[in-house]
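Engineer: Here it is, the structure, as structure tokens.
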Number of protein chains: 2
Amino acid sequence: MPRSKKDNVEDIAGLRERMRHSASHVMAEGVCALFPDAKLAIGPSTEEGFYYDFDLPRPLTPDDLAAIESKMKDTIAKNLPFVFEEINRETAKQMFSHQPYKLELIDDIQDEKLGTYRHGSFVDLCIGPHVSSTGEIKAFKLLSIAGAYWRGDEKRPMLQRIYGTAFETQEALDEHVRRMEEAARRDHRRLGRELDLFSVHEDAGAGLIYWHPKGGRIRTIVEDFWKKEHYNAGYELVYTPHLGKASLWETSGHLGFYRELMYSPMEVDEQSYYVKPMNCPFHIMIYKTDIRSYRELPLRLAELGTVYRYERAGVLHGLLRVRGFTQDDAHIFCRPDQVEDEIIRVLELTFLMLGAFGFKEYEIYLSTRPEKYVGETSEWDRATEALRKAIEKWHLEYNVDEGGGAFYGPKIDIKIRDALGRSWQCTTVQIDFNMPERFDLTFAGEDGREHRPYMIHRALLGSLERFLGVLIEHYGGAFPTWLAPVQAVVIPIADRHQEYAQRVQDELKKDGIRVEVDARSERMNLKIREAQLQKVPYMLVVGDKEVASSAVSVRKRNGENMGAVELQAFREMIKRAAQSRSLE
Amino acid sequence: MPRSKKDNVEDIAGLRERMRHSASHVMAEGVCALFPDAKLAIGPSTEEGFYYDFDLPRPLTPDDLAAIESKMKDTIAKNLPFVFEEINRETAKQMFSHQPYKLELIDDIQDEKLGTYRHGSFVDLCIGPHVSSTGEIKAFKLLSIAGAYWRGDEKRPMLQRIYGTAFETQEALDEHVRRMEEAARRDHRRLGRELDLFSVHEDAGAGLIYWHPKGGRIRTIVEDFWKKEHYNAGYELVYTPHLGKASLWETSGHLGFYRELMYSPMEVDEQSYYVKPMNCPFHIMIYKTDIRSYRELPLRLAELGTVYRYERAGVLHGLLRVRGFTQDDAHIFCRPDQVEDEIIRVLELTFLMLGAFGFKEYEIYLSTRPEKYVGETSEWDRATEALRKAIEKWHLEYNVDEGGGAFYGPKIDIKIRDALGRSWQCTTVQIDFNMPERFDLTFAGEDGREHRPYMIHRALLGSLERFLGVLIEHYGGAFPTWLAPVQAVVIPIADRHQEYAQRVQDELKKDGIRVEVDARSERMNLKIREAQLQKVPYMLVVGDKEVASSAVSVRKRNGENMGAVELQAFREMIKRAAQSRSLE
């Protein structure tokens with residue numbers, strides 16, 4: 001069931017956008033009241049709220065936010081109308097003569113007429129839209145202060161940014177703030193530290209992830225599962241280098257259309273080499289090592305391929321935006337008559353994989369031919385139809401992004417919804433008419449002649465780094481048993497129970513259960529609390545009674561006390577949970 | 001039981017060396033007889049034989065080798081004595097005035113007196129040693145012709161090199177030639193192509209390996225096994241980036257003492273980054289993310305870490321000498337009192353791993369403190385003793401390479417012996433006094449004070465690329481069932497047996513058995529032959545009889561015919577072979 005992108009825009013979104021933009025003006029007015037010398041930069045609404053950047057005589061404190069909020073409330077109570085006025089460039093320059101950032105903005109505007117919005121005595125350079133009066137800002141809150149370079153340029157002045165948000169009701173605002181607090185608690189960077197999952201070392205290289213033992217364990221489990229399901233689904237696993245000669249990237253075209261996202265070259269034997277930003281040319285090299293027959297197709301080459309892309313330092317963010325990441329990549333080379341079936345299979349594997357990790361809600365986008373494209377329109381139509389039919393075969397709702405495809409082919413993007421209702425771009429299935437042409441890929445058809453194969457790029461999880469970042473936040477670090485780096489901690493009550501605790505560990509380890517003994521001479525309650533903070537699914541307390549009855553007293557991380565469970569029964573229980581990939 | 005390196009040198013080796021060196025002179029004489037204008041370069045003995053490099057008026061052919069051999073036989077039959085003479089520089093220059101390469105060599109010699117060896121009328125610039133007369137060259141053979149740059153320098157003239165070998169008996173020579181032929185049949189580059197395991201693409205980057213589906217399958221099996229055994233042995237798996245900032249490599253010291261083996265830098269945000277030639281600094285970064293207590297040690301961080309090192313293009317060789325390779329690396333951080341036990345455990349894991357792949361014969365080397373070293377001699381003594389005791393604990397013979405350790409610590413090297421009796425450097429266990437100092441690694445001791453941990457580098461297989469190269473040659477591509485990329489091929493006799501063949505495949509796949517159906521309309525014998533050439537352990541022929549009795553007719557790749565086996569029985573048999581990692 002296709003939906004166009006327009007249908008999807010709800011009215012509420014437009015209202016919020018105007019309300020938040022208006023709130024940023026009201027906030028700027030408040031800041032100017034407190035700091036008469038404030039220099040104003042820009043103050044847009046955002047998806048989650050609004051902000052405004054200021055050049056101020058001193059750093060802001062949380063107390064300042066309260067004072068600004070108070071000023072804002074006054075303005076809102078007055079219900080001042082927002083009034084639009086068009087002025088010419090000269091008037092504008094006079095009006096903002098003490099505002100150097102505004103003057104710079106004015107210089108950048110091409111039109112002779114410039115827009116302003118006024119409420120009360122406060123005027124800003126702005127083309128709106130706004131709510132009709134300040135009273136329509138129903139519920140707002142200032143949230144935080146951050147540094148931000150003027151125009152995002154590290155060589156320009158550092159300004160102070162105030163973030164806030166506004167909603168149509170106090171309830172909606174409260175709910176939003178509650179979610180933000182919950183999101184902060186689940187922040188994967190914070191949990192990454194607290195659960196000792198990974199680290200980033202600016203001084204050794206920004207945006208590069210170091211997986212610690214516990215994060216590495218989760219990654220290994222995800223990789224093993226991924227490999228197994230890919231073999232089951234008829235993929236072949238390959239391994240390719242992280243470096244390739246410039247000539248390879250010239251043939252692929254990446255040095256032409258992708259260079260700014262590539263790391264700079266290194267010189268080897270007087271030739272330029274690049275670390276790979278993508279795996280595709282390498283899989284193509286494997287395809288080309290042999291003459292391929294129609295009988296061999298589809299050939300599905302999969303790789304957990306680590307790629308490196310240059311992203312500006314300012315946009316890097318924990319695991320979610322990095323410079324080095326491992327794509328769960330595959331390239332499917334198939335005959336034109338196989339493409340629809342292949343896409344259906346890709347989607348089947350996608351839903352199986354995502355579902356196993358607990359993601360069951362998706363937003364699906366189909367992006368079609370843009371104005372500039374390579375390849376035949378008949379091929380585009382055929383490919384786009386194949387994508388569409390594959391989605392419809394799964395009876396899924398989807399959005400059509402007309403003209404939103406890459407120049408080289410149409411695609412399906414899938415976003416997953418996490419426990420907090422946030423959407424994350426995840427899966428991509430992309431048809432490519434460019435690479436097969438550039439590398440002159442062929443197969444010998446049943447007719448004995450050479451044909452061009454279809455090439456499908458696809459990543460289901462996207463990248464391991466990003467996906468694990470989402471996973472950490474989705475579960476707030478309390479991973480299901482099958483993913484938990486430590487599945488159980490044995491807690492002996494006294495020293496005389498150490499030996500039995502060890503025996504419990506040995507017994508469980510035989511089944512590959514990841515179990516530790518907390519042998520420290522600490523109080524039991526402290527050990528339980530620490531294991532809970534580490535989000536270990538099961539705490540197994542052992543004392544005289546448990547030793548006597550070959551049992552363990554089981555506590556779950558949510559506090560639930562299961563009481564004494566016979567060791568063999570617990571062993572079966574946890575084994576079953578892991579094997580069935582239960583989401584508990 | 002230590003052996004010094006000297007004890008280990010057998011008399012036979014010295015004899016062979018002299019005999020082969022003498023044979024190279026006799027060969028040069030023969031070449032000069034056929035090509036009076038021949039310019040002579042150098043002609044040493046090697047571990048396997050000898051060679052001589054010539055500048056000749058035309059390319060040599062195999063027929064030339066026969067003619068040269070014939071001349072050599074004449075000279076040997078004459079039993080001419082080898083006579084040493086010392087001459088001064090001027091005489092030497094006159095004597096070799098028509099030999100420009102010899103003149104260049106003379107110019108490079110510092111001494112005033114130069115050595116020559118003469119037999120009959122042939123004189124060469126040489127300090128020996130030689131056998132006493134040509135008749136002592138008992139059995140010889142010229143083997144091949146190859147191009148070789150003068151002094152290995154691509155900018156100097158390309159010469160023609162003739163390889164030969166000589167032995168003390170005809171039997172020993174025949175055995176050697178037989179082994180060489182066998183080695184050629186097992187050459188991993190040839191088998192890599194024939195079995196479609198991997199490829200190297202000079203045009204996309206020399207020395208970089210592309211693992212194809214079948215090679216990738218073997219690699220995955222090896223990696224899975226490696227990970228499992230490392231977890232069992234108390235290691236933690238980590239994942240680290242392939243790039244690091246220059247400052248990291250400065251701290252580690254690699255930019256000082258290792259730079260020529262590193263790839264050239266790339267520039268990111270006006271800073272230099274290097275692809276990693278080693279994983280150690282990254283594991284150290286993980287160690288340093290937290291304050292470590294004596295209770296946490298030993299910390300064993302393991303990684304299948306892909307590193308890149310610059311090797312000259314001329315020395316690259318298939319999988320055995322590459323520019324990008326995946327070390328089965330680990331770094332153990334431990335207290336001084338734990339080091340001996342840790343080395344014992346490393347050796348235990350080493351023998352378990354190597355033994356599982358069928359390598360049961362080892363040569364062990366202990367390398368001790370060199371003249372230039374860092375660290376305290378008392379620490380060196382303690383560490384060296386720990387290495388020695390660990391070896392002796394396993395009751396193994398070993399060689400002591402006095403002073404052969406790296407400047408930063410003593411080490412154990414282990415070579416494995418393959419099916420052809422060749423030795424391959426494989427395992428390294430290396431204590432490092434340098435890195436902990438440079439990175440100021442500490443742990444909080446039981447005494448509450450800061451202490452320096454020991455750091456042990458170790459790779460058991462060495463690198464996956466090299467190890468798989470050795471593995472391919474060891475088994476001649478006929479991998480044991482647990483490693484075989486395809487374990488069984490089902491061969492339906494006629495089209496009407498296709499459905500049953502498919503059922504057999506489905507049934508076996510349920511147990512994770514890697515099985516294919518050869519559904520082509522080809523004759524059964526051709527299918528069997530092709531599966532044998534692909535070294536598939538089991539061929540399962542199915543016809544009317546097998547369909548009727550739910551059986552498969554089993555043929556092994558060695559030609560052995562097991563006759564009809566009930567499908568469930570075969571399923572159990574192959575499952576057992578894989579699980580027990582049988583070497584068949």
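Lettering and numbering for the structure tokens are positional, with chains as A, B, ... in the shown order, residues counted from 1 in each chain, and ligands counted from 1 in the shown order.
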So which residues touch region 360-367 of chain B within 9 Å, counting only C-alpha atoms, skipping near sequence neighbours fewer than 4 positions away, as a PyMOL selection string?

Structural biologist: chain B and resi 2+351+354-356+384+387-388+391+396-406+409-418+423+425

Engineer: Taking a cut-off of 6 Å and counting only C-alpha atoms, can you build a table that, for each residue of chain B near chain A, reports the nearest atom pair and how far apart they are in Å (one decimal), sorted by chain then residue number, as a tab-separated table?

Structural biologist:
```
residue	atom	partner	partner_atom	distance
B:Ala204	CA	A:Lys245	CA	5.0
B:Gly205	CA	A:Lys245	CA	5.5
B:Tyr210	CA	A:Thr240	CA	4.7
B:Trp211	CA	A:Tyr239	CA	5.0
B:His212	CA	A:Val238	CA	5.4
B:Pro213	CA	A:Glu236	CA	5.2
B:Gly216	CA	A:Val238	CA	5.0
B:Glu236	CA	A:Pro213	CA	5.2
B:Leu237	CA	A:Pro213	CA	5.5
B:Val238	CA	A:Gly216	CA	5.0
B:Tyr239	CA	A:Trp211	CA	4.9
B:Thr240	CA	A:Tyr210	CA	4.7
B:Gly244	CA	A:Ala204	CA	5.5
B:Lys245	CA	A:Ala204	CA	5.0
B:Leu248	CA	A:Ala204	CA	5.7
B:Ser264	CA	A:Met266	CA	5.5
B:Pro265	CA	A:Met266	CA	5.8
B:Met266	CA	A:Met266	CA	5.2
B:Glu267	CA	A:Ser264	CA	5.8
```

Engineer: Deliver the residues from the most recent selection as a file, using N, CA and C atoms, as a short mmCIF file (atom, residue, chain, number, x, y, z; two decimals), in the first residue's frame.

Structural biologist:
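Here's the written file again.cif:
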```
data_model
loop_
_atom_site.label_atom_id
_atom_site.label_comp_id
_atom_site.auth_asym_id
_atom_site.auth_seq_id
_atom_site.Cartn_x
_atom_site.Cartn_y
_atom_site.Cartn_z
N ALA B 204 44.74 -4.01 -8.61
CA ALA B 204 44.00 -3.32 -7.54
C ALA B 204 44.85 -3.18 -6.29
N GLY B 205 46.06 -3.74 -6.31
CA GLY B 205 46.94 -3.64 -5.15
C GLY B 205 47.69 -4.94 -4.91
N TYR B 210 42.09 -11.58 -1.75
CA TYR B 210 40.63 -11.63 -1.88
C TYR B 210 40.22 -13.08 -1.62
N TRP B 211 39.51 -13.30 -0.53
CA TRP B 211 39.04 -14.66 -0.24
C TRP B 211 37.72 -14.91 -0.95
N HIS B 212 37.71 -15.89 -1.84
CA HIS B 212 36.50 -16.26 -2.58
C HIS B 212 35.59 -17.09 -1.66
N PRO B 213 34.37 -17.38 -2.12
CA PRO B 213 33.45 -18.12 -1.24
C PRO B 213 34.05 -19.35 -0.59
N GLY B 216 36.79 -18.36 1.75
CA GLY B 216 36.14 -17.63 2.85
C GLY B 216 35.48 -18.59 3.84
N GLU B 236 39.59 -12.63 26.10
CA GLU B 236 38.46 -11.76 25.77
C GLU B 236 38.70 -11.24 24.36
N LEU B 237 37.66 -11.26 23.52
CA LEU B 237 37.83 -10.78 22.15
C LEU B 237 37.51 -9.29 22.05
N VAL B 238 38.38 -8.57 21.37
CA VAL B 238 38.15 -7.14 21.15
C VAL B 238 38.23 -6.86 19.65
N TYR B 239 37.76 -5.69 19.28
CA TYR B 239 37.84 -5.24 17.89
C TYR B 239 38.40 -3.82 17.92
N THR B 240 39.43 -3.56 17.13
CA THR B 240 40.01 -2.21 17.13
C THR B 240 40.15 -1.69 15.69
N GLY B 244 45.31 4.66 12.88
CA GLY B 244 45.64 5.39 14.12
C GLY B 244 46.48 6.61 13.79
N LYS B 245 46.30 7.63 14.62
CA LYS B 245 47.04 8.88 14.44
C LYS B 245 48.55 8.70 14.63
N LEU B 248 49.98 8.23 18.14
CA LEU B 248 49.91 6.90 18.74
C LEU B 248 51.16 6.08 18.38
N SER B 264 52.75 4.54 3.95
CA SER B 264 52.91 5.98 4.09
C SER B 264 51.63 6.56 4.70
N PRO B 265 51.75 7.73 5.33
CA PRO B 265 50.59 8.27 6.05
C PRO B 265 49.52 8.86 5.12
N MET B 266 48.31 9.03 5.65
CA MET B 266 47.28 9.81 4.94
C MET B 266 46.91 10.98 5.85
N GLU B 267 46.47 12.05 5.25
CA GLU B 267 46.19 13.25 6.01
C GLU B 267 44.69 13.36 6.28
#
```

Engineer: Can you tell me which residues surround Val554 (chain B) at a distance of at most 12 Å, considering only C-alpha atoms, apart from same-chain residues fewer than 2 positions away, and format the answer as a VMD selection string?

Structural biologist: chain B and resid 488 to 491 528 536 to 542 546 551 to 552 556 to 567 569 to 571 573 to 574

Engineer: Excluding same-chain residues fewer than 2 positions from Ala33 (chain A), what lies within 12 Å of it counting only C-alpha atoms, as a list in words?

Structural biologist: Val26, Met27, Ala28, Glu29, Gly30, Val31, Phe35, Pro36, Asp37, Ala38, Asp64, Ala67, Ile68, Glu69, Ser70, Lys71, Met72, Asp74, Thr75, Ser121 and Phe122 of chain A

Engineer: For Val177 (chain A), list every protein, DNA or RNA residue within 12 Å, evaluated using only C-alpha atoms, and leave out those in the same chain fewer than 4 positions away; present the list as a PyMOL selection string.

Structural biologist: chain A and resi 48-49+139-143+164-167+170-173+181-184

Engineer: Show me, as number ranges by chain, the residues that have an atom within 10 Å of Glu348 (chain B) when counting only C-alpha atoms, minus same-chain residues fewer than 5 positions from it.

Structural biologist: B: 233, 342-343, 353, 390, 394

Engineer: Which of region 332-475 of chain A end up as helix (DSSP H, G or I) when DSSP is run on this backbone - answer as a PyMOL selection string?

Structural biologist: chain A and resi 336-356+377-393+435-438+464-475

Engineer: Need to verify the contact set: Phe84 (chain A), 9 Å, only C-alpha atoms, exclusion of same-chain residues closer than 4 positions in sequence. Can you return it as a list of chain:residue names?

Structural biologist: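 Everything that qualifies: A:Gly115, A:Thr116, A:Tyr117, A:Arg118, A:Cys126, A:Ile127, A:Gly128.
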
Engineer: With C-alpha atoms kept, could you save the residues just selected as a tab-separated table (two decimals), in the first residue's frame?

Structural biologist:
```
chain	number	residue	atom	x	y	z
A	115	GLY	CA	11.54	39.79	5.53
A	116	THR	CA	11.26	40.70	9.22
A	117	TYR	CA	8.97	39.47	11.98
A	118	ARG	CA	8.11	41.65	14.92
A	126	CYS	CA	13.02	36.26	9.30
A	127	ILE	CA	10.62	34.98	6.67
A	128	GLY	CA	8.58	32.86	9.08
```

Engineer: Out of region 303-516 of chain B, which residues get strand (DSSP E or B) from DSSP, as a PyMOL selection string?

Structural biologist: chain B and resi 303-308+317+321+324-334+362-367+398-401+406+409+411-417+423-432+443-444+450-451+454-463+488-492+515-516

Engineer: Could you tell me how far CA of Ala519 (chain B) lies from CA of Glu499 (chain B), in Å and to one decimal?

Structural biologist: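 A separation of 10.0 Å between them.
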